[in-house]
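Peer 1: I'm passing along protein.cif; it holds mmCIF, N, CA and C atoms.
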data_entry
loop_
_atom_site.group_PDB
_atom_site.id
_atom_site.type_symbol
_atom_site.label_atom_id
_atom_site.label_comp_id
_atom_site.auth_asym_id
_atom_site.auth_seq_id
_atom_site.Cartn_x
_atom_site.Cartn_y
_atom_site.Cartn_z
ATOM 1 N N MET A 1 -1.969 20.806 18.666
ATOM 2 C CA MET A 1 -2.605 20.705 17.371
ATOM 3 C C MET A 1 -3.923 21.464 17.440
ATOM 4 N N SER A 2 -4.252 22.130 16.353
ATOM 5 C CA SER A 2 -5.505 22.869 16.298
ATOM 6 C C SER A 2 -6.690 21.907 16.283
ATOM 7 N N ILE A 3 -7.859 22.413 16.607
ATOM 8 C CA ILE A 3 -9.055 21.570 16.599
ATOM 9 C C ILE A 3 -9.335 21.091 15.185
ATOM 10 N N PHE A 4 -9.221 21.969 14.200
ATOM 11 C CA PHE A 4 -9.432 21.563 12.814
ATOM 12 C C PHE A 4 -8.400 20.512 12.415
ATOM 13 N N GLY A 5 -7.183 20.681 12.878
ATOM 14 C CA GLY A 5 -6.136 19.688 12.611
ATOM 15 C C GLY A 5 -6.490 18.331 13.195
ATOM 16 N N LYS A 6 -7.073 18.339 14.390
ATOM 17 C CA LYS A 6 -7.505 17.086 15.008
ATOM 18 C C LYS A 6 -8.614 16.436 14.190
ATOM 19 N N ILE A 7 -9.564 17.247 13.719
ATOM 20 C CA ILE A 7 -10.651 16.711 12.896
ATOM 21 C C ILE A 7 -10.080 16.083 11.635
ATOM 22 N N MET A 8 -9.169 16.767 10.976
ATOM 23 C CA MET A 8 -8.571 16.244 9.754
ATOM 24 C C MET A 8 -7.784 14.962 10.030
ATOM 25 N N ALA A 9 -7.013 14.955 11.096
ATOM 26 C CA ALA A 9 -6.193 13.784 11.407
ATOM 27 C C ALA A 9 -7.041 12.569 11.753
ATOM 28 N N ARG A 10 -8.109 12.787 12.483
ATOM 29 C CA ARG A 10 -8.919 11.664 12.941
ATOM 30 C C ARG A 10 -9.943 11.195 11.918
ATOM 31 N N SER A 11 -10.171 11.977 10.879
ATOM 32 C CA SER A 11 -11.145 11.571 9.872
ATOM 33 C C SER A 11 -10.492 11.125 8.567
ATOM 34 N N SER A 12 -9.166 10.992 8.570
ATOM 35 C CA SER A 12 -8.487 10.546 7.356
ATOM 36 C C SER A 12 -8.210 9.050 7.433
ATOM 37 N N ALA A 13 -7.677 8.531 6.354
ATOM 38 C CA ALA A 13 -7.382 7.099 6.291
ATOM 39 C C ALA A 13 -6.400 6.712 7.396
ATOM 40 N N PRO A 14 -6.532 5.499 7.924
ATOM 41 C CA PRO A 14 -5.604 5.054 8.971
ATOM 42 C C PRO A 14 -4.169 5.039 8.459
ATOM 43 N N ARG A 15 -3.269 5.403 9.326
ATOM 44 C CA ARG A 15 -1.861 5.422 8.961
ATOM 45 C C ARG A 15 -1.280 4.008 9.106
ATOM 46 N N PRO A 16 -0.308 3.663 8.246
ATOM 47 C CA PRO A 16 0.310 2.352 8.381
ATOM 48 C C PRO A 16 1.132 2.262 9.663
ATOM 49 N N THR A 17 1.223 1.068 10.211
ATOM 50 C CA THR A 17 2.029 0.842 11.414
ATOM 51 C C THR A 17 3.505 0.993 11.041
ATOM 52 N N PRO A 18 4.386 1.191 12.032
ATOM 53 C CA PRO A 18 5.815 1.282 11.711
ATOM 54 C C PRO A 18 6.321 0.044 10.958
ATOM 55 N N ARG A 19 5.807 -1.116 11.330
ATOM 56 C CA ARG A 19 6.231 -2.346 10.639
ATOM 57 C C ARG A 19 5.792 -2.319 9.170
ATOM 58 N N GLN A 20 4.568 -1.858 8.920
ATOM 59 C CA GLN A 20 4.092 -1.744 7.543
ATOM 60 C C GLN A 20 4.915 -0.720 6.768
ATOM 61 N N GLN A 21 5.256 0.365 7.434
ATOM 62 C CA GLN A 21 6.061 1.391 6.778
ATOM 63 C C GLN A 21 7.406 0.811 6.345
ATOM 64 N N GLU A 22 8.029 0.069 7.243
ATOM 65 C CA GLU A 22 9.327 -0.536 6.948
ATOM 66 C C GLU A 22 9.191 -1.569 5.834
ATOM 67 N N TRP A 23 8.201 -2.409 5.948
ATOM 68 C CA TRP A 23 8.003 -3.493 4.985
ATOM 69 C C TRP A 23 7.804 -2.960 3.569
ATOM 70 N N TYR A 24 7.010 -1.953 3.426
ATOM 71 C CA TYR A 24 6.690 -1.440 2.099
ATOM 72 C C TYR A 24 7.597 -0.299 1.649
ATOM 73 N N GLY A 25 8.571 0.042 2.435
ATOM 74 C CA GLY A 25 9.449 1.140 2.072
ATOM 75 C C GLY A 25 8.725 2.470 2.097
ATOM 76 N N TYR A 26 7.738 2.564 2.977
ATOM 77 C CA TYR A 26 6.862 3.722 3.052
ATOM 78 C C TYR A 26 7.648 5.023 3.227
ATOM 79 N N LYS A 27 8.568 5.019 4.159
ATOM 80 C CA LYS A 27 9.304 6.253 4.451
ATOM 81 C C LYS A 27 10.076 6.731 3.221
ATOM 82 N N HIS A 28 10.670 5.810 2.495
ATOM 83 C CA HIS A 28 11.433 6.196 1.314
ATOM 84 C C HIS A 28 10.522 6.759 0.235
ATOM 85 N N ARG A 29 9.377 6.119 0.023
ATOM 86 C CA ARG A 29 8.448 6.583 -1.002
ATOM 87 C C ARG A 29 7.918 7.968 -0.667
ATOM 88 N N ILE A 30 7.593 8.207 0.609
ATOM 89 C CA ILE A 30 7.075 9.515 1.005
ATOM 90 C C ILE A 30 8.149 10.583 0.814
ATOM 91 N N ALA A 31 9.363 10.275 1.219
ATOM 92 C CA ALA A 31 10.442 11.252 1.120
ATOM 93 C C ALA A 31 10.772 11.585 -0.333
ATOM 94 N N SER A 32 10.655 10.611 -1.234
ATOM 95 C CA SER A 32 11.040 10.855 -2.615
ATOM 96 C C SER A 32 9.852 11.150 -3.521
ATOM 97 N N SER A 33 8.655 11.111 -2.983
ATOM 98 C CA SER A 33 7.455 11.300 -3.798
ATOM 99 C C SER A 33 7.205 12.775 -4.062
ATOM 100 N N THR A 34 6.806 13.051 -5.298
ATOM 101 C CA THR A 34 6.412 14.413 -5.642
ATOM 102 C C THR A 34 4.934 14.458 -6.009
ATOM 103 N N ALA A 35 4.267 13.319 -5.909
ATOM 104 C CA ALA A 35 2.850 13.245 -6.260
ATOM 105 C C ALA A 35 2.015 13.990 -5.221
ATOM 106 N N PRO A 36 0.935 14.643 -5.662
ATOM 107 C CA PRO A 36 0.066 15.329 -4.704
ATOM 108 C C PRO A 36 -0.658 14.323 -3.806
ATOM 109 N N ALA A 37 -1.106 14.792 -2.681
ATOM 110 C CA ALA A 37 -1.825 13.934 -1.742
ATOM 111 C C ALA A 37 -3.096 13.415 -2.394
ATOM 112 N N GLN A 38 -3.440 12.177 -2.080
ATOM 113 C CA GLN A 38 -4.653 11.594 -2.627
ATOM 114 C C GLN A 38 -5.850 12.024 -1.806
ATOM 115 N N SER A 39 -6.999 12.118 -2.466
ATOM 116 C CA SER A 39 -8.211 12.455 -1.735
ATOM 117 C C SER A 39 -8.718 11.196 -1.028
ATOM 118 N N VAL A 40 -9.407 11.406 0.062
ATOM 119 C CA VAL A 40 -9.928 10.311 0.865
ATOM 120 C C VAL A 40 -11.414 10.534 1.071
ATOM 121 N N ASP A 41 -12.213 9.494 0.874
ATOM 122 C CA ASP A 41 -13.640 9.562 1.159
ATOM 123 C C ASP A 41 -13.808 9.353 2.658
ATOM 124 N N VAL A 42 -14.102 10.424 3.386
ATOM 125 C CA VAL A 42 -14.159 10.341 4.845
ATOM 126 C C VAL A 42 -15.483 9.782 5.366
ATOM 127 N N ALA A 43 -16.510 9.744 4.533
ATOM 128 C CA ALA A 43 -17.819 9.279 5.000
ATOM 129 C C ALA A 43 -17.761 7.876 5.606
ATOM 130 N N PRO A 44 -17.150 6.887 4.942
ATOM 131 C CA PRO A 44 -17.093 5.560 5.556
ATOM 132 C C PRO A 44 -16.280 5.539 6.845
ATOM 133 N N ILE A 45 -15.238 6.347 6.887
ATOM 134 C CA ILE A 45 -14.407 6.415 8.091
ATOM 135 C C ILE A 45 -15.221 6.983 9.247
ATOM 136 N N LEU A 46 -15.952 8.069 8.985
ATOM 137 C CA LEU A 46 -16.758 8.686 10.031
ATOM 138 C C LEU A 46 -17.953 7.811 10.412
ATOM 139 N N ASP A 47 -18.558 7.147 9.437
ATOM 140 C CA ASP A 47 -19.654 6.232 9.757
ATOM 141 C C ASP A 47 -19.178 5.122 10.684
ATOM 142 N N LYS A 48 -17.974 4.622 10.451
ATOM 143 C CA LYS A 48 -17.397 3.580 11.306
ATOM 144 C C LYS A 48 -17.139 4.120 12.718
ATOM 145 N N ALA A 49 -16.639 5.348 12.801
ATOM 146 C CA ALA A 49 -16.383 5.965 14.109
ATOM 147 C C ALA A 49 -17.688 6.146 14.877
ATOM 148 N N VAL A 50 -18.749 6.548 14.173
ATOM 149 C CA VAL A 50 -20.066 6.724 14.810
ATOM 150 C C VAL A 50 -20.592 5.376 15.288
ATOM 151 N N ALA A 51 -20.470 4.350 14.457
ATOM 152 C CA ALA A 51 -20.942 3.013 14.832
ATOM 153 C C ALA A 51 -20.209 2.504 16.070
ATOM 154 N N ALA A 52 -18.927 2.806 16.173
ATOM 155 C CA ALA A 52 -18.142 2.369 17.327
ATOM 156 C C ALA A 52 -18.581 3.063 18.611
ATOM 157 N N LYS A 53 -19.146 4.256 18.477
ATOM 158 C CA LYS A 53 -19.608 5.011 19.648
ATOM 159 C C LYS A 53 -20.871 4.410 20.252
ATOM 160 N N GLY A 54 -21.687 3.786 19.417
ATOM 161 C CA GLY A 54 -22.931 3.207 19.913
ATOM 162 C C GLY A 54 -24.003 4.242 20.232
ATOM 163 N N GLU A 55 -23.839 5.438 19.726
ATOM 164 C CA GLU A 55 -24.819 6.507 19.903
ATOM 165 C C GLU A 55 -25.359 6.898 18.532
ATOM 166 N N LYS A 56 -26.501 7.566 18.534
ATOM 167 C CA LYS A 56 -27.025 8.101 17.281
ATOM 168 C C LYS A 56 -26.424 9.496 17.111
ATOM 169 N N LEU A 57 -25.426 9.595 16.243
ATOM 170 C CA LEU A 57 -24.738 10.860 16.003
ATOM 171 C C LEU A 57 -24.929 11.267 14.548
ATOM 172 N N ALA A 58 -25.394 12.483 14.347
ATOM 173 C CA ALA A 58 -25.628 13.013 12.995
ATOM 174 C C ALA A 58 -24.437 13.868 12.579
ATOM 175 N N TRP A 59 -23.300 13.240 12.322
ATOM 176 C CA TRP A 59 -22.069 13.975 12.038
ATOM 177 C C TRP A 59 -22.152 14.819 10.772
ATOM 178 N N ARG A 60 -23.034 14.474 9.853
ATOM 179 C CA ARG A 60 -23.147 15.236 8.602
ATOM 180 C C ARG A 60 -23.790 16.606 8.817
ATOM 181 N N THR A 61 -24.585 16.762 9.859
ATOM 182 C CA THR A 61 -25.313 18.010 10.082
ATOM 183 C C THR A 61 -25.001 18.671 11.411
ATOM 184 N N SER A 62 -24.199 18.046 12.250
ATOM 185 C CA SER A 62 -23.925 18.587 13.576
ATOM 186 C C SER A 62 -22.435 18.552 13.881
ATOM 187 N N ILE A 63 -21.849 19.716 14.069
ATOM 188 C CA ILE A 63 -20.425 19.771 14.409
ATOM 189 C C ILE A 63 -20.186 19.125 15.771
ATOM 190 N N VAL A 64 -21.147 19.255 16.676
ATOM 191 C CA VAL A 64 -21.008 18.625 17.995
ATOM 192 C C VAL A 64 -20.930 17.109 17.833
ATOM 193 N N ASP A 65 -21.821 16.546 17.018
ATOM 194 C CA ASP A 65 -21.809 15.103 16.807
ATOM 195 C C ASP A 65 -20.531 14.652 16.095
ATOM 196 N N LEU A 66 -20.057 15.450 15.141
ATOM 197 C CA LEU A 66 -18.808 15.130 14.462
ATOM 198 C C LEU A 66 -17.663 15.074 15.463
ATOM 199 N N MET A 67 -17.582 16.072 16.321
ATOM 200 C CA MET A 67 -16.512 16.121 17.303
ATOM 201 C C MET A 67 -16.627 14.964 18.294
ATOM 202 N N LYS A 68 -17.842 14.622 18.705
ATOM 203 C CA LYS A 68 -18.041 13.482 19.606
ATOM 204 C C LYS A 68 -17.599 12.183 18.948
ATOM 205 N N ALA A 69 -17.946 12.011 17.679
ATOM 206 C CA ALA A 69 -17.577 10.786 16.965
ATOM 207 C C ALA A 69 -16.067 10.617 16.892
ATOM 208 N N LEU A 70 -15.348 11.731 16.844
ATOM 209 C CA LEU A 70 -13.890 11.700 16.734
ATOM 210 C C LEU A 70 -13.189 11.856 18.076
ATOM 211 N N ASP A 71 -13.941 11.796 19.169
ATOM 212 C CA ASP A 71 -13.381 11.949 20.527
ATOM 213 C C ASP A 71 -12.634 13.264 20.694
ATOM 214 N N ILE A 72 -13.245 14.331 20.189
ATOM 215 C CA ILE A 72 -12.691 15.677 20.338
ATOM 216 C C ILE A 72 -13.632 16.462 21.240
ATOM 217 N N ASP A 73 -13.062 17.272 22.111
ATOM 218 C CA ASP A 73 -13.856 18.102 23.011
ATOM 219 C C ASP A 73 -14.871 18.906 22.207
ATOM 220 N N SER A 74 -16.164 18.749 22.531
ATOM 221 C CA SER A 74 -17.213 19.459 21.785
ATOM 222 C C SER A 74 -17.853 20.567 22.606
ATOM 223 N N SER A 75 -17.158 21.010 23.633
ATOM 224 C CA SER A 75 -17.697 22.070 24.480
ATOM 225 C C SER A 75 -17.839 23.373 23.692
ATOM 226 N N LEU A 76 -18.607 24.302 24.240
ATOM 227 C CA LEU A 76 -18.798 25.593 23.590
ATOM 228 C C LEU A 76 -17.459 26.284 23.346
ATOM 229 N N GLY A 77 -16.569 26.214 24.319
ATOM 230 C CA GLY A 77 -15.257 26.830 24.160
ATOM 231 C C GLY A 77 -14.472 26.239 22.996
ATOM 232 N N ALA A 78 -14.524 24.921 22.862
ATOM 233 C CA ALA A 78 -13.816 24.255 21.764
ATOM 234 C C ALA A 78 -14.437 24.635 20.424
ATOM 235 N N ARG A 79 -15.766 24.743 20.388
ATOM 236 C CA ARG A 79 -16.433 25.131 19.143
ATOM 237 C C ARG A 79 -16.127 26.575 18.776
ATOM 238 N N LYS A 80 -16.019 27.441 19.775
ATOM 239 C CA LYS A 80 -15.641 28.834 19.507
ATOM 240 C C LYS A 80 -14.220 28.897 18.968
ATOM 241 N N GLU A 81 -13.334 28.073 19.539
ATOM 242 C CA GLU A 81 -11.951 28.033 19.064
ATOM 243 C C GLU A 81 -11.904 27.546 17.614
ATOM 244 N N LEU A 82 -12.690 26.525 17.285
ATOM 245 C CA LEU A 82 -12.752 26.012 15.921
ATOM 246 C C LEU A 82 -13.268 27.094 14.969
ATOM 247 N N ALA A 83 -14.323 27.790 15.369
ATOM 248 C CA ALA A 83 -14.867 28.867 14.530
ATOM 249 C C ALA A 83 -13.807 29.942 14.274
ATOM 250 N N LYS A 84 -13.039 30.258 15.306
ATOM 251 C CA LYS A 84 -11.974 31.255 15.165
ATOM 252 C C LYS A 84 -10.896 30.756 14.194
ATOM 253 N N GLU A 85 -10.508 29.474 14.331
ATOM 254 C CA GLU A 85 -9.508 28.890 13.429
ATOM 255 C C GLU A 85 -9.955 28.971 11.974
ATOM 256 N N LEU A 86 -11.258 28.776 11.749
ATOM 257 C CA LEU A 86 -11.795 28.753 10.392
ATOM 258 C C LEU A 86 -12.226 30.131 9.895
ATOM 259 N N GLY A 87 -12.067 31.159 10.739
ATOM 260 C CA GLY A 87 -12.409 32.523 10.344
ATOM 261 C C GLY A 87 -13.906 32.772 10.296
ATOM 262 N N PHE A 88 -14.661 32.003 11.056
ATOM 263 C CA PHE A 88 -16.114 32.137 11.076
ATOM 264 C C PHE A 88 -16.500 33.147 12.144
ATOM 265 N N THR A 89 -17.362 34.091 11.785
ATOM 266 C CA THR A 89 -17.794 35.102 12.742
ATOM 267 C C THR A 89 -19.291 34.984 12.986
ATOM 268 N N ALA A 90 -19.748 35.534 14.081
ATOM 269 C CA ALA A 90 -21.170 35.499 14.406
ATOM 270 C C ALA A 90 -22.000 36.212 13.358
ATOM 271 N N THR A 91 -21.434 37.225 12.723
ATOM 272 C CA THR A 91 -22.196 37.966 11.712
ATOM 273 C C THR A 91 -22.501 37.101 10.489
ATOM 274 N N ALA A 92 -21.741 36.031 10.305
ATOM 275 C CA ALA A 92 -21.991 35.135 9.181
ATOM 276 C C ALA A 92 -23.291 34.360 9.370
ATOM 277 N N MET A 93 -23.807 34.325 10.594
ATOM 278 C CA MET A 93 -25.039 33.587 10.884
ATOM 279 C C MET A 93 -26.293 34.445 10.713
ATOM 280 N N ILE A 94 -26.115 35.743 10.545
ATOM 281 C CA ILE A 94 -27.269 36.644 10.410
ATOM 282 C C ILE A 94 -27.742 36.592 8.962
ATOM 283 N N PRO A 95 -28.992 36.159 8.732
ATOM 284 C CA PRO A 95 -29.475 36.084 7.358
ATOM 285 C C PRO A 95 -29.634 37.459 6.749
ATOM 286 N N PRO A 96 -29.425 37.578 5.452
ATOM 287 C CA PRO A 96 -29.572 38.898 4.803
ATOM 288 C C PRO A 96 -31.042 39.360 4.859
ATOM 289 N N ALA A 97 -31.224 40.646 4.965
ATOM 290 C CA ALA A 97 -32.584 41.210 5.072
ATOM 291 C C ALA A 97 -33.311 41.210 3.761
#
Reformat the file's structure so that it appears as structure tokens.

Peer 2:
Amino acid sequence: MSIFGKIMARSSAPRPTPRQQEWYGYKHRIASSTAPAQSVDVAPILDKAVAAKGEKLAWRTSIVDLMKALDIDSSLGARKELAKELGFTATAMIPPA
């Protein structure tokens, strides 16, 4: 899975357990549903992940802190890979003259 994919997966709403899926007919509804995906407010989810870490992490302003909160490798190599996935180049950081 891509790094961005990991961020998306770990910052979205919790998935129902297999028992919950069976109980509510989840699999059938998903297979027959044509409704678009619902939006999710990730801030409370990420705030909870940060609180569970017990560290002061500024996930709103730091990609390193976001990755740490989600237990994703935040090394320079991983961040370079993420930048590549998102099409971000070093020239994008140079302010216009």

Peer 1: Determine, counting only C-alpha atoms, which protein, DNA and RNA residues have an atom within 9 Å of an atom of range 49-59 of chain A; residues of the same chain fewer than 4 positions away are not included. Present the result as a list in words.

Peer 2: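 The contact residues come out as Ser11, Pro44, Ile45, Ile63, Val64, Asp65, Leu66, Met67, Lys68, Ala69 and Leu70 of chain A.
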
Peer 1: Please produce an output containing N, CA and C atoms for each residue in the selection, written as a PDB file, in the frame of the given file.

Peer 2:
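Produced file part.pdb, reproduced below:
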ATOM      1  N   SER A  11     -10.171  11.977  10.879  1.00  0.00           N
ATOM      2  CA  SER A  11     -11.145  11.571   9.872  1.00  0.00           C
ATOM      3  C   SER A  11     -10.492  11.125   8.567  1.00  0.00           C
ATOM      4  N   PRO A  44     -17.150   6.887   4.942  1.00  0.00           N
ATOM      5  CA  PRO A  44     -17.093   5.560   5.556  1.00  0.00           C
ATOM      6  C   PRO A  44     -16.280   5.539   6.845  1.00  0.00           C
ATOM      7  N   ILE A  45     -15.238   6.347   6.887  1.00  0.00           N
ATOM      8  CA  ILE A  45     -14.407   6.415   8.091  1.00  0.00           C
ATOM      9  C   ILE A  45     -15.221   6.983   9.247  1.00  0.00           C
ATOM     10  N   ILE A  63     -21.849  19.716  14.069  1.00  0.00           N
ATOM     11  CA  ILE A  63     -20.425  19.771  14.409  1.00  0.00           C
ATOM     12  C   ILE A  63     -20.186  19.125  15.771  1.00  0.00           C
ATOM     13  N   VAL A  64     -21.147  19.255  16.676  1.00  0.00           N
ATOM     14  CA  VAL A  64     -21.008  18.625  17.995  1.00  0.00           C
ATOM     15  C   VAL A  64     -20.930  17.109  17.833  1.00  0.00           C
ATOM     16  N   ASP A  65     -21.821  16.546  17.018  1.00  0.00           N
ATOM     17  CA  ASP A  65     -21.809  15.103  16.807  1.00  0.00           C
ATOM     18  C   ASP A  65     -20.531  14.652  16.095  1.00  0.00           C
ATOM     19  N   LEU A  66     -20.057  15.450  15.141  1.00  0.00           N
ATOM     20  CA  LEU A  66     -18.808  15.130  14.462  1.00  0.00           C
ATOM     21  C   LEU A  66     -17.663  15.074  15.463  1.00  0.00           C
ATOM     22  N   MET A  67     -17.582  16.072  16.321  1.00  0.00           N
ATOM     23  CA  MET A  67     -16.512  16.121  17.303  1.00  0.00           C
ATOM     24  C   MET A  67     -16.627  14.964  18.294  1.00  0.00           C
ATOM     25  N   LYS A  68     -17.842  14.622  18.705  1.00  0.00           N
ATOM     26  CA  LYS A  68     -18.041  13.482  19.606  1.00  0.00           C
ATOM     27  C   LYS A  68     -17.599  12.183  18.948  1.00  0.00           C
ATOM     28  N   ALA A  69     -17.946  12.011  17.679  1.00  0.00           N
ATOM     29  CA  ALA A  69     -17.577  10.786  16.965  1.00  0.00           C
ATOM     30  C   ALA A  69     -16.067  10.617  16.892  1.00  0.00           C
ATOM     31  N   LEU A  70     -15.348  11.731  16.844  1.00  0.00           N
ATOM     32  CA  LEU A  70     -13.890  11.700  16.734  1.00  0.00           C
ATOM     33  C   LEU A  70     -13.189  11.856  18.076  1.00  0.00           C
TER      34      LEU A  70
END

Peer 1: At what distance in Å, to one decimal, does atom C of Ile7 in chain A lie from atom C of Asp71 in chain A?

Peer 2: 9.8 Å

Peer 1: If you apply the PyMOL selection byres ((chain A and resi 77-93) around 8) to this file, what residues do you get, as a list in words?

Peer 2: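 Selected by the PyMOL selection byres ((chain A and resi 77-93) around 8) in this file: Ser2, Ile3, Phe4, Ile63, Val64, Ile72, Asp73, Ser74, Ser75, Leu76, Ile94, Pro95 and Pro96 of chain A.
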
Peer 1: Take CA of Lys48 in chain A and atom C of Met8 in chain A and report the distance between them in Å, one decimal.

Peer 2: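 About the pair CA of Lys48 in chain A and atom C of Met8 in chain A: they are 15.0 Å apart.
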
Peer 1: Could you tell me how far CA of Ser12 in chain A lies from CA of Val42 in chain A, in Å and to one decimal?

Peer 2: 6.2 Å

Peer 1: Need the axis-aligned box for range 8-12 of chain A with 5 Å each side, so what are the centre and edges in Å to one decimal, as lines of an AutoDock Vina configuration file?

Peer 2:
center_x = -8.7
center_y = 12.9
center_z = 10.1
size_x = 15.0
size_y = 17.7
size_z = 15.6
